[in-house]
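Worksheet: the structure to be examined is printed underneath.
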Amino acid sequence: MINVLDLNPSISSILFLVIVGILIWYTFSIIYHFIRFGVGRKSKIIALIFFIGSIILFNATLNAYNKIIWSEFIQYIKDILLLV
Amino acid sequence: MAILSKSNNSFRGQLPDEKTVLVTRKHWIVLLIPMSFILIMAVAPYIVYHYFLQPNSWFNDNINFLFRFLTTVYFLVIWNTAFYNVMIYSLNTLVITNKRVVENKQMGFFKNIVNEIKLDKVQDVSVKIYGPLASFLNYGNVEVQSAGAVNKFFFKQFPNPKDIKKIISDSV
């Protein structure tokens with residue numbers, strides 16, 4: 001998992017937090033609308049399915065992010081740029 | 001399960017002695033068009049992986065992990081977009097009770113319009129079904145003429161419009 005406290009306040013970490021913030025706001029808005037304005041039980045069940053799916057996908061995204069060796073990848077891009 | 005509503009047909013703003021006769025949403029064809037587009041978009045990463053990425057010589061484990069990360073982000077966006085469309089579809093409802101007809105129009109996040117006609121103010125109900133697809137799938141527009149401040153109400157692309165008309169006419 002990403003330790004937010006260890007992150008330097010760089011542009012990439014700020015960008016990461018902004019994107020996560022937008023995602024959380026968007027997810028919250030969908031769930032809020034389903035529960036607050038939905039007619040009957042079905043809307044609430046759809047909200048629950050959406051919430052569980054969002055958590056699973058978010059965890060999958062974080063796991064995939066952690067597996068990337070960024071230094072190797074950046075070096076790879078640098079090599080390509082030098083060749084060009 | 002206190003978060004769940006009282007019944008399958010209960011809705012916000014329902015009066016204590018009000019009974020729901022019909023709850024209907026727009027025809028599924030309205031949802032089908034954006035959902036099929038989203039479904040096609042969901043297949044895109046598999047096509048990119050198998051036909052454009054994997055056959056290349058520079059493809060390695062690290063690029064594979066990067067692709068997985070981008071794919072999960074992409075799926076997260078698609079998941080949210082799909083449920084946004086389901087939300088819009090689900091919250092655009094027409095509720096007919098023993099006292100009134102309530103139409104909820106959800107235009108987006110925090111953009112909600114509620115039209116209400118009391119049944120004793122209903123003067124005339126008409127149905128309009130345009131085109132072969134609407135005739136075949138049995139959906140159309142219901143137009144309600146009211147004696148209230150707003151003269152006409154249009155309920156667009158609802159399934160079984162003739163049944164809706166009958167229910168409103170019988171309730172008046």
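Following the order of the structure tokens, first chain is A, next is B, and so on, with residues numbered from 1 inside each chain and ligands from 1 in the order they appear.
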
Up to 9 Å from chain B, what residues of chain A turn up? Count only C-alpha atoms and give them as a PyMOL selection string. chain A and resi 23+26-27+29-31+33-47+50+53-54+57-58+60-70+72-73

Dump as a CSV table (one decimal), in the first residue's frame, selection limited to N, CA and C atoms:
chain,number,residue,atom,x,y,z
A,23,LEU,N,-12.2,11.0,-7.7
A,23,LEU,CA,-12.8,9.7,-7.8
A,23,LEU,C,-13.7,9.4,-6.6
A,26,TYR,N,-16.9,11.5,-6.9
A,26,TYR,CA,-17.7,11.0,-8.0
A,26,TYR,C,-18.4,9.7,-7.5
A,27,THR,N,-17.7,8.8,-6.8
A,27,THR,CA,-18.3,7.6,-6.2
A,27,THR,C,-19.3,7.9,-5.2
A,29,SER,N,-21.0,10.7,-4.9
A,29,SER,CA,-22.2,11.3,-5.5
A,29,SER,C,-23.1,10.2,-6.1
A,30,ILE,N,-22.6,9.2,-6.7
A,30,ILE,CA,-23.4,8.2,-7.3
A,30,ILE,C,-24.2,7.4,-6.2
A,31,ILE,N,-23.4,7.0,-5.1
A,31,ILE,CA,-24.0,6.3,-4.0
A,31,ILE,C,-25.1,7.1,-3.3
A,33,HIS,N,-26.9,9.6,-4.5
A,33,HIS,CA,-28.1,9.8,-5.4
A,33,HIS,C,-28.9,8.5,-5.3
A,34,PHE,N,-28.3,7.3,-5.4
A,34,PHE,CA,-29.0,6.1,-5.4
A,34,PHE,C,-29.8,5.9,-4.1
A,35,ILE,N,-29.1,6.2,-3.0
A,35,ILE,CA,-29.8,6.0,-1.7
A,35,ILE,C,-30.8,7.1,-1.4
A,36,ARG,N,-30.4,8.4,-1.7
A,36,ARG,CA,-31.3,9.5,-1.3
A,36,ARG,C,-32.5,9.6,-2.2
A,37,PHE,N,-32.3,9.4,-3.5
A,37,PHE,CA,-33.4,9.7,-4.4
A,37,PHE,C,-34.0,8.5,-5.1
A,38,GLY,N,-33.4,7.3,-4.8
A,38,GLY,CA,-33.9,6.1,-5.5
A,38,GLY,C,-35.3,5.7,-4.9
A,39,VAL,N,-36.1,5.1,-5.8
A,39,VAL,CA,-37.4,4.6,-5.4
A,39,VAL,C,-37.3,3.1,-5.1
A,40,GLY,N,-37.7,2.7,-3.9
A,40,GLY,CA,-37.7,1.3,-3.6
A,40,GLY,C,-36.3,0.8,-3.2
A,41,ARG,N,-36.3,-0.6,-3.0
A,41,ARG,CA,-35.1,-1.2,-2.5
A,41,ARG,C,-34.0,-1.4,-3.5
A,42,LYS,N,-34.4,-1.6,-4.8
A,42,LYS,CA,-33.5,-1.9,-5.8
A,42,LYS,C,-32.4,-0.9,-6.0
A,43,SER,N,-32.7,0.4,-5.8
A,43,SER,CA,-31.7,1.4,-6.0
A,43,SER,C,-30.6,1.3,-4.9
A,44,LYS,N,-31.0,0.9,-3.7
A,44,LYS,CA,-30.0,0.7,-2.6
A,44,LYS,C,-29.1,-0.5,-2.8
A,45,ILE,N,-29.7,-1.5,-3.4
A,45,ILE,CA,-28.9,-2.7,-3.7
A,45,ILE,C,-27.9,-2.4,-4.8
A,46,ILE,N,-28.3,-1.6,-5.8
A,46,ILE,CA,-27.4,-1.2,-6.9
A,46,ILE,C,-26.3,-0.4,-6.4
A,47,ALA,N,-26.6,0.5,-5.4
A,47,ALA,CA,-25.6,1.4,-4.8
A,47,ALA,C,-24.6,0.5,-4.0
A,50,PHE,N,-22.3,-1.2,-6.6
A,50,PHE,CA,-21.4,-0.2,-7.1
A,50,PHE,C,-20.2,0.1,-6.1
A,53,GLY,N,-17.8,-3.0,-5.9
A,53,GLY,CA,-17.0,-3.0,-7.2
A,53,GLY,C,-16.0,-1.9,-7.2
A,54,SER,N,-16.3,-0.7,-6.7
A,54,SER,CA,-15.4,0.4,-6.7
A,54,SER,C,-14.2,0.1,-5.8
A,57,LEU,N,-12.0,-2.5,-7.5
A,57,LEU,CA,-11.2,-1.9,-8.6
A,57,LEU,C,-10.1,-1.0,-8.0
A,58,PHE,N,-10.4,-0.2,-7.0
A,58,PHE,CA,-9.5,0.7,-6.4
A,58,PHE,C,-8.3,-0.1,-5.8
A,60,ALA,N,-7.3,-3.1,-6.7
A,60,ALA,CA,-6.6,-3.6,-7.9
A,60,ALA,C,-5.7,-2.6,-8.5
A,61,THR,N,-6.1,-1.4,-8.6
A,61,THR,CA,-5.3,-0.3,-9.1
A,61,THR,C,-4.1,0.0,-8.3
A,62,LEU,N,-4.3,0.0,-7.0
A,62,LEU,CA,-3.2,0.3,-6.0
A,62,LEU,C,-2.1,-0.9,-6.1
A,63,ASN,N,-2.6,-2.1,-6.2
A,63,ASN,CA,-1.7,-3.3,-6.3
A,63,ASN,C,-0.9,-3.2,-7.6
A,64,ALA,N,-1.6,-2.9,-8.7
A,64,ALA,CA,-0.9,-2.8,-10.0
A,64,ALA,C,0.1,-1.7,-9.9
A,65,TYR,N,-0.2,-0.6,-9.3
A,65,TYR,CA,0.7,0.6,-9.2
A,65,TYR,C,2.0,0.2,-8.4
A,66,ASN,N,1.8,-0.6,-7.3
A,66,ASN,CA,2.9,-1.0,-6.5
A,66,ASN,C,3.9,-2.0,-7.2
A,67,LYS,N,3.3,-2.7,-8.1
A,67,LYS,CA,4.2,-3.7,-8.8
A,67,LYS,C,5.1,-3.1,-9.9
A,68,ILE,N,4.8,-1.9,-10.3
A,68,ILE,CA,5.6,-1.3,-11.3
A,68,ILE,C,6.9,-0.8,-10.7
A,69,ILE,N,8.0,-1.1,-11.4
A,69,ILE,CA,9.4,-0.7,-11.0
A,69,ILE,C,9.6,0.6,-11.8
A,70,TRP,N,9.3,1.7,-11.1
A,70,TRP,CA,9.3,3.0,-11.8
A,70,TRP,C,10.7,3.4,-12.3
A,72,GLU,N,13.2,1.6,-13.3
A,72,GLU,CA,13.5,0.8,-14.5
A,72,GLU,C,12.7,1.4,-15.7
A,73,PHE,N,11.5,1.8,-15.4
A,73,PHE,CA,10.7,2.3,-16.5
A,73,PHE,C,11.1,3.7,-17.0

Within 10 Å of segment 136-152 of chain B, counting only C-alpha atoms, which residues qualify if same-chain residues fewer than 3 places away don't, as a PyMOL selection string? chain B and resi 26-29+101+115-133+155-162+164-165+168

To test your reading of the structure, identify every residue in segment 62-122 of chain B that backbone DSSP assigns to helix (DSSP H, G or I), and report it as a count of residues only. 33

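The space between atom CA of Val30 of chain B and atom CA of Ile78 of chain B spans 18.3 Å.
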
For the atom pair atom CA of Tyr76 of chain A and atom CA of Val43 of chain B, what is the interatomic distance in Å to one decimal place? 28.3 Å
